[in-house]
$ cat coords_33.cif   # mmCIF, C-alpha atoms
data_final
#
loop_
_atom_site.label_atom_id
_atom_site.label_comp_id
_atom_site.auth_asym_id
_atom_site.auth_seq_id
_atom_site.Cartn_x
_atom_site.Cartn_y
_atom_site.Cartn_z
CA MET A 1 -6.29 -44.92 -21.65
CA ASN A 2 -4.47 -44.46 -18.40
CA GLY A 3 -3.38 -41.18 -16.82
CA MET A 4 0.14 -41.38 -18.26
CA ILE A 5 -1.15 -41.48 -21.83
CA PHE A 6 -3.55 -38.62 -21.07
CA ALA A 7 -0.68 -36.50 -19.76
CA ALA A 8 1.52 -37.41 -22.73
CA ILE A 9 -1.20 -36.30 -25.18
CA ILE A 10 -1.45 -32.84 -23.60
CA VAL A 11 2.33 -32.38 -23.39
CA LEU A 12 2.86 -33.41 -27.04
CA LEU A 13 0.09 -31.12 -28.27
CA ILE A 14 1.48 -28.14 -26.34
CA ILE A 15 5.02 -28.86 -27.61
CA ALA A 16 3.55 -28.92 -31.11
CA GLY A 17 2.52 -25.31 -30.56
CA LEU A 18 -1.20 -25.62 -29.86
CA PRO A 19 -2.77 -23.15 -27.42
CA LEU A 20 -3.48 -24.66 -24.02
CA PHE A 21 -7.27 -24.58 -24.44
CA ALA A 22 -7.02 -26.39 -27.79
CA ALA A 23 -4.67 -29.02 -26.37
CA ILE A 24 -7.02 -29.68 -23.46
CA SER A 25 -10.12 -29.82 -25.69
CA ILE A 26 -8.56 -32.21 -28.20
CA SER A 27 -7.25 -34.40 -25.38
CA ALA A 28 -10.72 -34.57 -23.81
CA ILE A 29 -12.36 -35.48 -27.14
CA LEU A 30 -9.76 -38.18 -27.91
CA LEU A 31 -10.07 -39.65 -24.42
CA PHE A 32 -13.86 -39.82 -24.62
CA LEU A 33 -13.68 -41.40 -28.09
CA SER A 34 -11.18 -44.01 -26.85
CA SER A 35 -13.66 -44.92 -24.10
CA GLY A 36 -16.57 -45.26 -26.52
CA ILE A 37 -18.39 -42.21 -25.10
CA ASP A 38 -19.95 -39.50 -27.26
CA PRO A 39 -17.50 -36.54 -27.05
CA THR A 40 -20.35 -34.03 -27.20
CA VAL A 41 -20.21 -34.24 -23.40
CA VAL A 42 -17.34 -31.72 -23.72
CA ILE A 43 -19.78 -29.22 -25.25
CA VAL A 44 -22.33 -29.99 -22.53
CA GLU A 45 -19.75 -29.19 -19.86
CA LEU A 46 -18.77 -26.01 -21.69
CA TYR A 47 -22.39 -24.87 -21.64
CA ARG A 48 -22.76 -25.83 -17.97
CA ILE A 49 -19.81 -23.75 -16.83
CA ALA A 50 -20.81 -20.85 -19.09
CA SER A 51 -24.20 -20.71 -17.37
CA ALA A 52 -22.73 -20.65 -13.83
CA PRO A 53 -24.04 -17.43 -12.25
CA THR A 54 -20.92 -16.76 -10.13
CA LEU A 55 -18.81 -16.60 -13.29
CA LEU A 56 -20.13 -13.10 -13.99
CA ALA A 57 -18.07 -11.77 -11.08
CA ILE A 58 -14.81 -12.47 -12.94
CA PRO A 59 -15.13 -9.99 -15.86
CA LEU A 60 -16.75 -7.33 -13.67
CA PHE A 61 -14.05 -7.30 -10.99
CA THR A 62 -11.36 -7.50 -13.69
CA PHE A 63 -12.84 -4.49 -15.48
CA ALA A 64 -12.78 -2.52 -12.20
CA GLY A 65 -9.17 -3.56 -11.56
CA PHE A 66 -7.96 -2.52 -15.00
CA ILE A 67 -9.64 0.88 -14.68
CA LEU A 68 -7.90 1.45 -11.33
CA ALA A 69 -4.53 0.37 -12.73
CA GLU A 70 -4.83 2.72 -15.72
CA SER A 71 -5.92 5.72 -13.67
CA LYS A 72 -3.96 7.80 -11.16
CA ALA A 73 -5.36 5.69 -8.32
CA PRO A 74 -1.98 3.94 -7.73
CA LYS A 75 -0.30 7.30 -7.05
CA ARG A 76 -3.10 8.52 -4.77
CA LEU A 77 -3.12 5.33 -2.72
CA LEU A 78 0.68 5.27 -2.60
CA ASN A 79 0.65 8.80 -1.18
CA LEU A 80 -2.00 7.82 1.36
CA ALA A 81 -0.05 4.74 2.46
CA ASP A 82 3.08 6.88 2.72
CA SER A 83 1.24 9.29 5.03
CA LEU A 84 0.20 6.36 7.21
CA PHE A 85 3.45 4.36 7.31
CA GLY A 86 6.22 6.56 5.93
CA TRP A 87 7.41 7.57 9.41
CA ALA A 88 7.98 3.96 10.59
CA PRO A 89 11.18 1.91 10.21
CA GLY A 90 10.96 0.41 6.74
CA GLY A 91 8.03 2.74 6.10
CA ILE A 92 8.33 3.20 2.35
CA GLY A 93 8.95 -0.54 1.97
CA ILE A 94 5.74 -1.24 3.88
CA VAL A 95 3.96 1.36 1.74
CA SER A 96 5.15 -0.48 -1.38
CA LEU A 97 3.95 -3.85 -0.07
CA VAL A 98 0.51 -2.55 0.85
CA THR A 99 0.02 -0.62 -2.41
CA CYS A 100 1.07 -3.55 -4.60
CA ALA A 101 -1.19 -5.93 -2.65
CA LEU A 102 -4.16 -3.61 -3.14
CA PHE A 103 -3.74 -3.51 -6.90
CA THR A 104 -2.97 -7.18 -7.36
CA CYS A 105 -6.16 -8.14 -5.54
CA PHE A 106 -8.18 -6.14 -8.07
CA THR A 107 -6.36 -6.95 -11.29
CA GLY A 108 -5.59 -10.58 -10.31
CA ALA A 109 -2.43 -10.35 -12.40
CA SER A 110 1.06 -9.87 -10.97
CA GLY A 111 2.35 -8.65 -14.33
CA VAL A 112 0.08 -5.62 -14.26
CA THR A 113 1.27 -4.72 -10.74
CA ILE A 114 4.99 -5.06 -11.51
CA ILE A 115 4.80 -3.15 -14.78
CA ALA A 116 2.36 -0.40 -13.76
CA ILE A 117 2.92 0.01 -10.02
CA GLY A 118 6.49 -1.28 -9.81
CA GLY A 119 7.69 1.37 -12.22
CA LEU A 120 6.19 4.01 -9.93
CA ILE A 121 7.57 2.56 -6.68
CA TYR A 122 11.10 1.58 -7.78
CA PRO A 123 12.55 5.11 -8.08
CA ILE A 124 10.86 6.08 -4.78
CA LEU A 125 12.57 3.19 -2.97
CA LEU A 126 15.94 4.19 -4.40
CA LYS A 127 15.33 7.84 -3.51
CA HIS A 128 14.73 6.79 0.12
CA ASN A 129 18.16 5.06 0.20
CA TYR A 130 16.97 1.47 -0.18
CA THR A 131 19.52 -0.61 -2.06
CA GLU A 132 18.83 -1.60 -5.64
CA LYS A 133 19.02 -5.26 -4.61
CA PHE A 134 16.36 -4.87 -1.91
CA SER A 135 14.13 -2.68 -4.10
CA LEU A 136 14.11 -5.14 -6.99
CA GLY A 137 13.44 -8.08 -4.69
CA LEU A 138 10.60 -6.30 -2.90
CA ILE A 139 8.81 -5.28 -6.11
CA THR A 140 9.23 -8.74 -7.63
CA ALA A 141 7.81 -10.38 -4.50
CA SER A 142 5.00 -7.82 -4.18
CA GLY A 143 3.69 -8.51 -7.67
CA SER A 144 1.56 -11.43 -6.49
CA LEU A 145 1.13 -10.39 -2.86
CA GLY A 146 -2.56 -9.47 -2.99
CA LEU A 147 -3.93 -12.68 -4.50
CA LEU A 148 -5.44 -13.80 -1.17
CA PHE A 149 -7.52 -10.63 -0.75
CA ALA A 150 -11.03 -10.06 -2.11
CA PRO A 151 -11.97 -9.60 -4.89
CA SER A 152 -8.96 -11.49 -6.25
CA LEU A 153 -9.70 -13.19 -9.56
CA PRO A 154 -7.86 -16.42 -8.58
CA LEU A 155 -9.99 -16.66 -5.41
CA ILE A 156 -13.18 -16.45 -7.48
CA LEU A 157 -11.90 -18.91 -10.07
CA TYR A 158 -10.85 -21.39 -7.39
CA GLY A 159 -14.33 -21.16 -5.86
CA VAL A 160 -15.97 -21.86 -9.23
CA VAL A 161 -13.72 -24.81 -10.10
CA ALA A 162 -13.71 -26.39 -6.62
CA SER A 163 -17.39 -25.62 -5.90
CA VAL A 164 -16.40 -23.75 -2.72
CA SER A 165 -18.23 -20.68 -1.40
CA ILE A 166 -16.59 -17.56 -2.84
CA ASP A 167 -17.85 -15.53 0.12
CA GLN A 168 -16.02 -17.89 2.51
CA LEU A 169 -12.83 -17.74 0.42
CA PHE A 170 -12.93 -13.95 0.55
CA LEU A 171 -13.01 -14.13 4.36
CA ALA A 172 -10.47 -16.94 4.61
CA GLY A 173 -7.82 -15.04 2.66
CA ILE A 174 -7.79 -11.95 4.90
CA LEU A 175 -5.62 -13.14 7.82
CA PRO A 176 -3.16 -15.22 5.73
CA GLY A 177 -2.78 -12.28 3.33
CA ILE A 178 -2.08 -9.93 6.24
CA LEU A 179 0.45 -12.43 7.63
CA LEU A 180 2.42 -12.38 4.38
CA ILE A 181 2.50 -8.58 4.36
CA LEU A 182 3.51 -8.45 8.04
CA ILE A 183 6.42 -10.87 7.61
CA LEU A 184 7.77 -8.96 4.62
CA SER A 185 7.18 -5.66 6.44
CA VAL A 186 9.32 -6.85 9.38
CA TYR A 187 12.07 -7.66 6.88
CA ALA A 188 11.77 -4.17 5.37
CA ALA A 189 12.01 -2.62 8.84
CA ARG A 190 15.08 -4.74 9.62
CA GLN A 191 16.77 -3.55 6.42
CA ASP A 192 16.03 0.02 7.45
CA MET A 193 17.70 -0.53 10.82
CA ILE A 194 20.79 -2.12 9.24
CA SER A 195 21.12 0.57 6.59
CA PRO A 196 19.03 3.61 7.61
CA THR A 197 16.75 5.08 4.96
CA ILE A 198 15.07 8.45 4.64
CA ARG A 199 11.84 8.60 6.63
CA LYS A 200 9.21 11.29 6.67
CA LYS A 201 7.68 12.79 9.79
CA PHE A 202 4.11 11.85 10.54
CA SER A 203 1.76 14.70 9.72
CA PHE A 204 -1.98 14.81 10.33
CA LYS A 205 -2.20 17.52 7.69
CA SER A 206 -0.60 15.21 5.10
CA LEU A 207 -2.82 12.31 6.17
CA ILE A 208 -5.95 14.42 5.85
CA GLN A 209 -4.89 15.73 2.43
CA THR A 210 -3.97 12.31 0.99
CA SER A 211 -7.18 10.83 2.42
CA LYS A 212 -9.12 13.61 0.73
CA ASP A 213 -7.30 12.96 -2.55
CA ALA A 214 -8.18 9.24 -2.37
CA ARG A 215 -11.70 9.78 -1.00
CA TRP A 216 -13.41 8.10 -3.94
CA GLU A 217 -11.17 5.02 -3.84
CA LEU A 218 -11.37 4.42 -0.08
CA PRO A 219 -15.00 3.13 -0.13
CA ILE A 220 -14.18 0.31 -2.60
CA PRO A 221 -13.31 -2.36 0.05
CA ILE A 222 -16.48 -1.39 1.94
CA ILE A 223 -18.55 -1.92 -1.20
CA VAL A 224 -17.04 -5.36 -1.78
CA LEU A 225 -16.74 -6.82 1.73
CA GLY A 226 -19.33 -4.71 3.52
CA GLY A 227 -21.88 -5.33 0.79
CA ILE A 228 -21.35 -9.09 0.74
CA TYR A 229 -21.11 -9.75 4.48
CA GLY A 230 -23.69 -7.13 5.35
CA GLY A 231 -26.19 -9.17 3.35
CA ILE A 232 -26.72 -6.40 0.80
CA PHE A 233 -25.04 -8.05 -2.22
CA THR A 234 -24.16 -11.44 -3.56
CA ALA A 235 -20.59 -11.73 -4.89
CA VAL A 236 -21.84 -11.09 -8.44
CA GLU A 237 -23.90 -8.07 -7.39
CA ALA A 238 -20.90 -6.73 -5.46
CA ALA A 239 -18.82 -7.12 -8.63
CA ALA A 240 -21.38 -5.17 -10.67
CA ALA A 241 -21.63 -2.43 -8.03
CA THR A 242 -17.82 -2.18 -7.78
CA ALA A 243 -17.33 -2.00 -11.55
CA PHE A 244 -19.99 0.72 -11.86
CA TYR A 245 -18.61 2.69 -8.89
CA VAL A 246 -15.00 2.54 -10.14
CA PHE A 247 -16.13 3.56 -13.63
CA ILE A 248 -17.94 6.63 -12.28
CA ALA A 249 -15.11 7.55 -9.89
CA GLU A 250 -12.23 7.37 -12.37
CA PHE A 251 -13.97 8.60 -15.52
CA PHE A 252 -16.28 11.29 -14.10
CA LEU A 253 -15.27 12.25 -10.54
CA TYR A 254 -11.49 12.23 -10.91
CA ARG A 255 -11.57 12.48 -14.72
CA ASP A 256 -8.28 10.57 -14.92
CA LEU A 257 -9.53 8.68 -17.95
CA SER A 258 -11.43 9.56 -21.10
CA ILE A 259 -14.35 7.52 -22.37
CA ARG A 260 -13.38 8.27 -25.96
CA LYS A 261 -9.66 7.51 -25.60
CA ASP A 262 -9.42 4.94 -22.81
CA LEU A 263 -12.64 2.98 -22.27
CA VAL A 264 -12.42 0.70 -25.31
CA ARG A 265 -8.72 -0.01 -24.72
CA ILE A 266 -9.25 -0.90 -21.04
CA ALA A 267 -12.28 -3.06 -21.82
CA ARG A 268 -10.30 -4.82 -24.57
CA ASP A 269 -7.33 -5.57 -22.30
CA GLY A 270 -9.56 -6.88 -19.52
CA THR A 271 -11.60 -8.94 -21.96
CA GLN A 272 -8.48 -10.57 -23.39
CA LEU A 273 -7.39 -11.69 -19.92
CA VAL A 274 -10.83 -12.95 -18.89
CA GLY A 275 -11.55 -14.50 -22.29
CA GLY A 276 -8.34 -16.51 -22.14
CA ILE A 277 -9.21 -17.76 -18.66
CA LEU A 278 -12.80 -18.68 -19.51
CA ILE A 279 -11.97 -20.56 -22.70
CA ILE A 280 -9.36 -22.64 -20.84
CA LEU A 281 -11.85 -23.19 -18.00
CA SER A 282 -14.54 -24.38 -20.41
CA ALA A 283 -12.16 -26.82 -22.09
CA ALA A 284 -10.86 -28.08 -18.75
CA MET A 285 -14.36 -28.85 -17.48
CA GLY A 286 -14.82 -31.25 -20.38
CA LEU A 287 -11.55 -32.93 -19.50
CA THR A 288 -12.55 -33.06 -15.83
CA ALA A 289 -15.74 -34.87 -16.82
CA TYR A 290 -13.61 -37.59 -18.43
CA LEU A 291 -11.29 -37.83 -15.41
CA ILE A 292 -14.27 -38.37 -13.11
CA ASP A 293 -15.87 -40.87 -15.48
CA ALA A 294 -12.59 -42.80 -15.72
CA GLN A 295 -12.19 -42.66 -11.90
CA ILE A 296 -8.71 -41.17 -12.25
CA PRO A 297 -8.99 -39.08 -9.02
CA GLN A 298 -10.05 -42.21 -7.11
CA ASN A 299 -7.18 -44.24 -8.56
CA LEU A 300 -4.74 -41.43 -7.81
CA LEU A 301 -6.10 -41.21 -4.26
CA ALA A 302 -5.62 -44.94 -3.73
CA ALA A 303 -2.03 -44.72 -4.98
CA ILE A 304 -1.22 -41.75 -2.71
CA GLN A 305 -2.85 -43.32 0.34
CA GLY A 306 -0.71 -46.40 -0.23
CA VAL A 307 2.40 -44.25 0.24
CA ILE A 308 1.28 -41.35 2.47
CA HIS A 309 -0.61 -42.21 5.64
CA SER A 310 -0.66 -38.95 7.61
CA LYS A 311 -2.21 -35.56 6.94
CA PHE A 312 1.05 -33.85 7.97
CA VAL A 313 3.12 -35.67 5.34
CA PHE A 314 0.41 -35.17 2.72
CA LEU A 315 0.49 -31.40 3.25
CA ILE A 316 4.29 -31.36 2.87
CA ALA A 317 4.00 -33.29 -0.40
CA LEU A 318 1.13 -31.03 -1.54
CA ASN A 319 3.15 -27.87 -0.91
CA ILE A 320 6.16 -29.19 -2.82
CA PHE A 321 3.95 -30.23 -5.75
CA LEU A 322 2.12 -26.89 -5.84
CA LEU A 323 5.32 -24.82 -5.63
CA ILE A 324 6.64 -26.68 -8.66
CA THR A 325 3.29 -26.26 -10.42
CA GLY A 326 3.22 -22.53 -9.63
CA SER A 327 6.68 -22.03 -11.11
CA LEU A 328 5.72 -23.84 -14.33
CA LEU A 329 2.13 -22.71 -14.99
CA ASP A 330 0.36 -19.39 -14.67
CA ILE A 331 -2.03 -19.33 -11.73
CA PHE A 332 -5.21 -19.52 -13.82
CA SER A 333 -4.13 -22.59 -15.79
CA ALA A 334 -2.92 -24.26 -12.59
CA ILE A 335 -6.26 -23.72 -10.86
CA ILE A 336 -8.24 -25.02 -13.80
CA ILE A 337 -6.10 -28.11 -14.44
CA VAL A 338 -4.94 -29.16 -10.97
CA VAL A 339 -7.80 -28.29 -8.59
CA PRO A 340 -10.24 -31.00 -9.80
CA LEU A 341 -7.55 -33.61 -9.09
CA ILE A 342 -6.36 -32.49 -5.66
CA VAL A 343 -9.67 -31.50 -4.00
CA PRO A 344 -11.01 -35.05 -3.50
CA ILE A 345 -7.58 -36.26 -2.39
CA ALA A 346 -7.15 -33.46 0.15
CA MET A 347 -10.66 -34.00 1.54
CA SER A 348 -9.82 -37.65 2.16
CA TYR A 349 -7.09 -36.39 4.51
CA GLN A 350 -9.66 -34.16 6.28
CA VAL A 351 -8.29 -30.92 4.84
CA ASP A 352 -11.05 -28.31 4.93
CA PRO A 353 -11.87 -27.27 1.32
CA VAL A 354 -11.74 -23.54 2.20
CA HIS A 355 -8.38 -23.96 3.96
CA LEU A 356 -7.18 -25.99 0.97
CA GLY A 357 -8.05 -23.07 -1.30
CA ILE A 358 -5.86 -20.71 0.73
CA ILE A 359 -3.00 -23.24 0.81
CA PHE A 360 -3.35 -23.71 -2.94
CA LEU A 361 -3.33 -20.00 -3.78
CA THR A 362 -0.50 -19.20 -1.35
CA ASN A 363 1.66 -21.83 -3.03
CA LEU A 364 0.92 -20.49 -6.48
CA GLU A 365 1.52 -16.92 -5.28
CA ILE A 366 4.97 -18.02 -4.10
CA GLY A 367 5.45 -20.04 -7.29
CA TYR A 368 5.50 -16.76 -9.23
CA LEU A 369 8.74 -16.02 -7.36
CA THR A 370 10.27 -19.51 -7.54
CA PRO A 371 13.28 -20.12 -9.84
CA PRO A 372 13.96 -21.14 -12.49
CA ILE A 373 10.88 -19.91 -14.38
CA GLY A 374 8.67 -18.08 -11.88
CA LEU A 375 6.70 -15.54 -13.90
CA ASN A 376 7.44 -12.54 -11.66
CA LEU A 377 11.17 -13.04 -12.16
CA PHE A 378 10.87 -12.70 -15.93
CA ILE A 379 8.44 -9.77 -15.77
CA SER A 380 10.77 -7.86 -13.44
CA SER A 381 13.75 -8.73 -15.61
CA PHE A 382 11.92 -7.26 -18.61
CA ARG A 383 10.55 -4.21 -16.76
CA PHE A 384 13.78 -3.14 -15.04
CA LYS A 385 16.26 -4.34 -17.68
CA LYS A 386 18.09 -6.68 -15.28
CA SER A 387 19.44 -10.16 -15.93
CA ILE A 388 17.29 -13.07 -14.78
CA LEU A 389 20.19 -14.39 -12.68
CA GLU A 390 20.29 -11.10 -10.79
CA LEU A 391 16.56 -11.37 -10.15
CA TYR A 392 17.10 -14.90 -8.79
CA ARG A 393 19.61 -13.57 -6.26
CA VAL A 394 17.63 -10.56 -5.05
CA SER A 395 14.41 -12.57 -4.68
CA VAL A 396 15.80 -15.35 -2.49
CA PRO A 397 15.30 -13.59 0.92
CA PHE A 398 11.70 -12.73 0.03
CA LEU A 399 11.07 -16.26 -1.24
CA LEU A 400 12.35 -17.78 2.02
CA LEU A 401 10.21 -15.45 4.14
CA MET A 402 7.11 -16.27 2.10
CA LEU A 403 7.85 -19.98 2.57
CA VAL A 404 7.86 -19.40 6.34
CA ALA A 405 4.40 -17.81 5.99
CA LEU A 406 3.28 -20.78 3.87
CA VAL A 407 4.24 -23.23 6.62
CA ILE A 408 2.24 -21.21 9.16
CA ILE A 409 -0.77 -20.96 6.85
CA THR A 410 -0.62 -24.69 6.04
CA TYR A 411 -0.32 -26.05 9.57
CA ILE A 412 -2.47 -23.53 11.43
CA PRO A 413 -5.83 -23.90 9.66
CA GLY A 414 -7.47 -21.58 12.18
CA LEU A 415 -5.66 -18.67 10.52
CA SER A 416 -7.74 -19.26 7.39
CA LEU A 417 -10.92 -20.48 9.04
CA PHE A 418 -11.27 -18.16 12.05
CA LEU A 419 -13.21 -15.40 10.28
CA VAL A 420 -15.27 -17.92 8.29
CA GLN A 421 -16.39 -19.66 11.50
CA PHE A 422 -16.74 -16.44 13.48
CA LEU A 423 -19.13 -14.89 10.93
CA LYS A 424 -21.22 -17.99 10.30
#
$ encode --input "coords_33.cif" --output "structure tokens"
Amino acid sequence: MNGMIFAAIIVLLIIAGLPLFAAISISAILLFLSSGIDPTVVIVELYRIASAPTLLAIPLFTFAGFILAESKAPKRLLNLADSLFGWAPGGIGIVSLVTCALFTCFTGASGVTIIAIGGLIYPILLKHNYTEKFSLGLITASGSLGLLFAPSLPLILYGVVASVSIDQLFLAGILPGILLILILSVYAARQDMISPTIRKKFSFKSLIQTSKDARWELPIPIIVLGGIYGGIFTAVEAAAATAFYVFIAEFFLYRDLSIRKDLVRIARDGTQLVGGILIILSAAMGLTAYLIDAQIPQNLLAAIQGVIHSKFVFLIALNIFLLITGSLLDIFSAIIIVVPLIVPIAMSYQVDPVHLGIIFLTNLEIGYLTPPIGLNLFISSFRFKKSILELYRVSVPFLLLMLVALVIITYIPGLSLFLVQFLK
């Protein structure tokens, strides 16, 4: 069977109402059977991916992120960020961007950020005289802003699927992630200058108090990045240490949450997210085995190289394709399905696999904001009771600015690779 028939099978099965993992699994089995190969290879691949040691980092970091999102940590960190940046032009906008990015990098899900953190930030933005249009656009854009920062779940998943060092991806995402925040922060400051907002005076007393309030959350980045790059932890060990630390901090030190009332619910919600990702990943690995056996990536590469001859043009085409993909699929499904196809093609154009990972995730991060069906647009529409057309309009300036950042990230690979090479 050729690639067109394979694609048609998946599309028809999904239209018929099958879950994505079932559609992928059935497609893989049918394709292997049509080639005269024992389909038990799908089960072999499922077992292989299930035994990958780095996979343990996914549920552990997700558990930590869900605990943080359910506690009062968002309010404490929002107050701390306000003490640091609230005095500056666009200060509360910058505070919102930084706070949302912090929580998205731990939960790995823009929906959690928009619903939990957005509801907290939105009235604050309005209170500080930001327009409703700007406030909605900023929160919608911020929902996926932290996906390039460790310990982002998509970063880990990309590393597993593409067989790229997760430690290097954690480093590679730092500068591009900061660039995105800086560009949007400049826009927030510009809005403040056009239509002045209420700013607070900088106060060391306030900074000391908010730092004291957030004292148990502040060490978390040190545990993750310091532990890994200080040679103390592997990524999985850092995930375990972070999950344990966050559990102790929020349940026993702050006592924001109750073991009896909250622990089972939080664990259940995190498990549902991770379980859905892992079952799709397991199914997709079986399908990937068929694609490799049928030499579909090689055939696709030959077809692309017959049309595209330069790395520059390839990257333009890749960005367009990934933006469309990001607006149609959730980021986890896109990573699982698309990455095995594009990695060998990109490497043939001498695109560094770590840099490719950052390009890939930046595109999908922006895809959440891309009309007509970017996920963030619908989540914000639901959360703030606004029409989807209104969300399209308010998100356009943020979308354009993030596309500018994407171009910089794509064509200046040193932005992604500098820290990786510096710390080798």
$ closest_residue --input "coords_33.cif" --among "A:Ile26, A:Cys100, A:Ile139, A:Leu225" --to "Phe170 of chain A" --atoms "all atoms listed in the file"
A:Leu225
$ resolve_selection --input "coords_33.cif" --expression "the PyMOL selection byres ((chain A and resi 361) around 10)" --output "list in words"
Leu147, Leu148, Pro154, Leu155, Tyr158, Gly173, Leu322, Gly326, Ile331, Ala334, Ile335, Leu356, Gly357, Ile358, Ile359, Phe360, Thr362, Asn363, Leu364, Glu365, Ile366 and Gly367 of chain A
$ resolve_selection --input "coords_33.cif" --expression "the PyMOL selection byres ((chain A and resi 78) around 9)" --output "MDAnalysis selection string"
chainID A and resid 73:77 79:83 95:96 98:99 121
$ atom_distance --input "coords_33.cif" --atom1 "atom CA of Leu169 of chain A" --atom2 "atom CA of Pro151 of chain A"
9.8 Å
$ resolve_selection --input "coords_33.cif" --expression "the PyMOL selection byres ((chain A and resi 119) around 12)" --output "short mmCIF file (atom, residue, chain, number, x, y, z; two decimals) with C-alpha atoms, keeping the file's coordinate frame"
data_model
loop_
_atom_site.label_atom_id
_atom_site.label_comp_id
_atom_site.auth_asym_id
_atom_site.auth_seq_id
_atom_site.Cartn_x
_atom_site.Cartn_y
_atom_site.Cartn_z
CA PRO A 74 -1.98 3.94 -7.73
CA LYS A 75 -0.30 7.30 -7.05
CA SER A 96 5.15 -0.48 -1.38
CA CYS A 100 1.07 -3.55 -4.60
CA GLY A 111 2.35 -8.65 -14.33
CA VAL A 112 0.08 -5.62 -14.26
CA THR A 113 1.27 -4.72 -10.74
CA ILE A 114 4.99 -5.06 -11.51
CA ILE A 115 4.80 -3.15 -14.78
CA ALA A 116 2.36 -0.40 -13.76
CA ILE A 117 2.92 0.01 -10.02
CA GLY A 118 6.49 -1.28 -9.81
CA LEU A 120 6.19 4.01 -9.93
CA ILE A 121 7.57 2.56 -6.68
CA TYR A 122 11.10 1.58 -7.78
CA PRO A 123 12.55 5.11 -8.08
CA ILE A 124 10.86 6.08 -4.78
CA LEU A 125 12.57 3.19 -2.97
CA LEU A 126 15.94 4.19 -4.40
CA SER A 135 14.13 -2.68 -4.10
CA LEU A 136 14.11 -5.14 -6.99
CA ILE A 139 8.81 -5.28 -6.11
CA THR A 140 9.23 -8.74 -7.63
CA GLY A 143 3.69 -8.51 -7.67
CA ILE A 379 8.44 -9.77 -15.77
CA SER A 380 10.77 -7.86 -13.44
CA PHE A 382 11.92 -7.26 -18.61
CA ARG A 383 10.55 -4.21 -16.76
CA PHE A 384 13.78 -3.14 -15.04
CA LYS A 385 16.26 -4.34 -17.68
#
$ residues_near_point --input "coords_33.cif" --point "(-8.2, -7.9, -11.9)" --cutoff "10 Å" --atoms "only C-alpha atoms" --output "PDB file with C-alpha atoms, keeping the file's coordinate frame"
ATOM      1  CA  ILE A  58     -14.810 -12.470 -12.940  1.00  0.00           C
ATOM      2  CA  PRO A  59     -15.130  -9.990 -15.860  1.00  0.00           C
ATOM      3  CA  LEU A  60     -16.750  -7.330 -13.670  1.00  0.00           C
ATOM      4  CA  PHE A  61     -14.050  -7.300 -10.990  1.00  0.00           C
ATOM      5  CA  THR A  62     -11.360  -7.500 -13.690  1.00  0.00           C
ATOM      6  CA  PHE A  63     -12.840  -4.490 -15.480  1.00  0.00           C
ATOM      7  CA  ALA A  64     -12.780  -2.520 -12.200  1.00  0.00           C
ATOM      8  CA  GLY A  65      -9.170  -3.560 -11.560  1.00  0.00           C
ATOM      9  CA  PHE A  66      -7.960  -2.520 -15.000  1.00  0.00           C
ATOM     10  CA  ILE A  67      -9.640   0.880 -14.680  1.00  0.00           C
ATOM     11  CA  LEU A  68      -7.900   1.450 -11.330  1.00  0.00           C
ATOM     12  CA  ALA A  69      -4.530   0.370 -12.730  1.00  0.00           C
ATOM     13  CA  PHE A 103      -3.740  -3.510  -6.900  1.00  0.00           C
ATOM     14  CA  THR A 104      -2.970  -7.180  -7.360  1.00  0.00           C
ATOM     15  CA  CYS A 105      -6.160  -8.140  -5.540  1.00  0.00           C
ATOM     16  CA  PHE A 106      -8.180  -6.140  -8.070  1.00  0.00           C
ATOM     17  CA  THR A 107      -6.360  -6.950 -11.290  1.00  0.00           C
ATOM     18  CA  GLY A 108      -5.590 -10.580 -10.310  1.00  0.00           C
ATOM     19  CA  ALA A 109      -2.430 -10.350 -12.400  1.00  0.00           C
ATOM     20  CA  SER A 110       1.060  -9.870 -10.970  1.00  0.00           C
ATOM     21  CA  VAL A 112       0.080  -5.620 -14.260  1.00  0.00           C
ATOM     22  CA  LEU A 147      -3.930 -12.680  -4.500  1.00  0.00           C
ATOM     23  CA  PRO A 151     -11.970  -9.600  -4.890  1.00  0.00           C
ATOM     24  CA  SER A 152      -8.960 -11.490  -6.250  1.00  0.00           C
ATOM     25  CA  LEU A 153      -9.700 -13.190  -9.560  1.00  0.00           C
ATOM     26  CA  PRO A 154      -7.860 -16.420  -8.580  1.00  0.00           C
ATOM     27  CA  GLY A 270      -9.560  -6.880 -19.520  1.00  0.00           C
ATOM     28  CA  LEU A 273      -7.390 -11.690 -19.920  1.00  0.00           C
ATOM     29  CA  VAL A 274     -10.830 -12.950 -18.890  1.00  0.00           C
TER      30      VAL A 274
END
$ atom_distance --input "coords_33.cif" --atom1 "atom CA of Ala172 of chain A" --atom2 "atom CA of Phe312 of chain A"
20.7 Å
$ closest_residue --input "coords_33.cif" --among "A:Glu237, A:Ala284, A:Leu375, A:Phe247" --to "Trp216 of chain A" --atoms "all atoms listed in the file"
A:Phe247
$ atom_distance --input "coords_33.cif" --atom1 "atom CA of Leu415 of chain A" --atom2 "atom CA of Gln168 of chain A"
13.1 Å
$ closest_residue --input "coords_33.cif" --among "A:Ser282, A:Ser416, A:Thr370, A:Gln421" --to "Leu175 of chain A" --atoms "all atoms listed in the file"
A:Ser416
$ decode --input "coords_33.cif" --residues "segment 210-217 of chain A" --atoms "C-alpha atoms" --output "tab-separated table (two decimals), in the first residue's frame"
chain	number	residue	atom	x	y	z
A	210	THR	CA	6.62	38.08	47.96
A	211	SER	CA	9.95	36.23	47.72
A	212	LYS	CA	9.40	34.95	51.24
A	213	ASP	CA	5.86	33.87	50.35
A	214	ALA	CA	7.15	31.94	47.31
A	215	ARG	CA	10.29	30.64	49.03
A	216	TRP	CA	9.36	26.98	48.59
A	217	GLU	CA	8.55	27.35	44.88
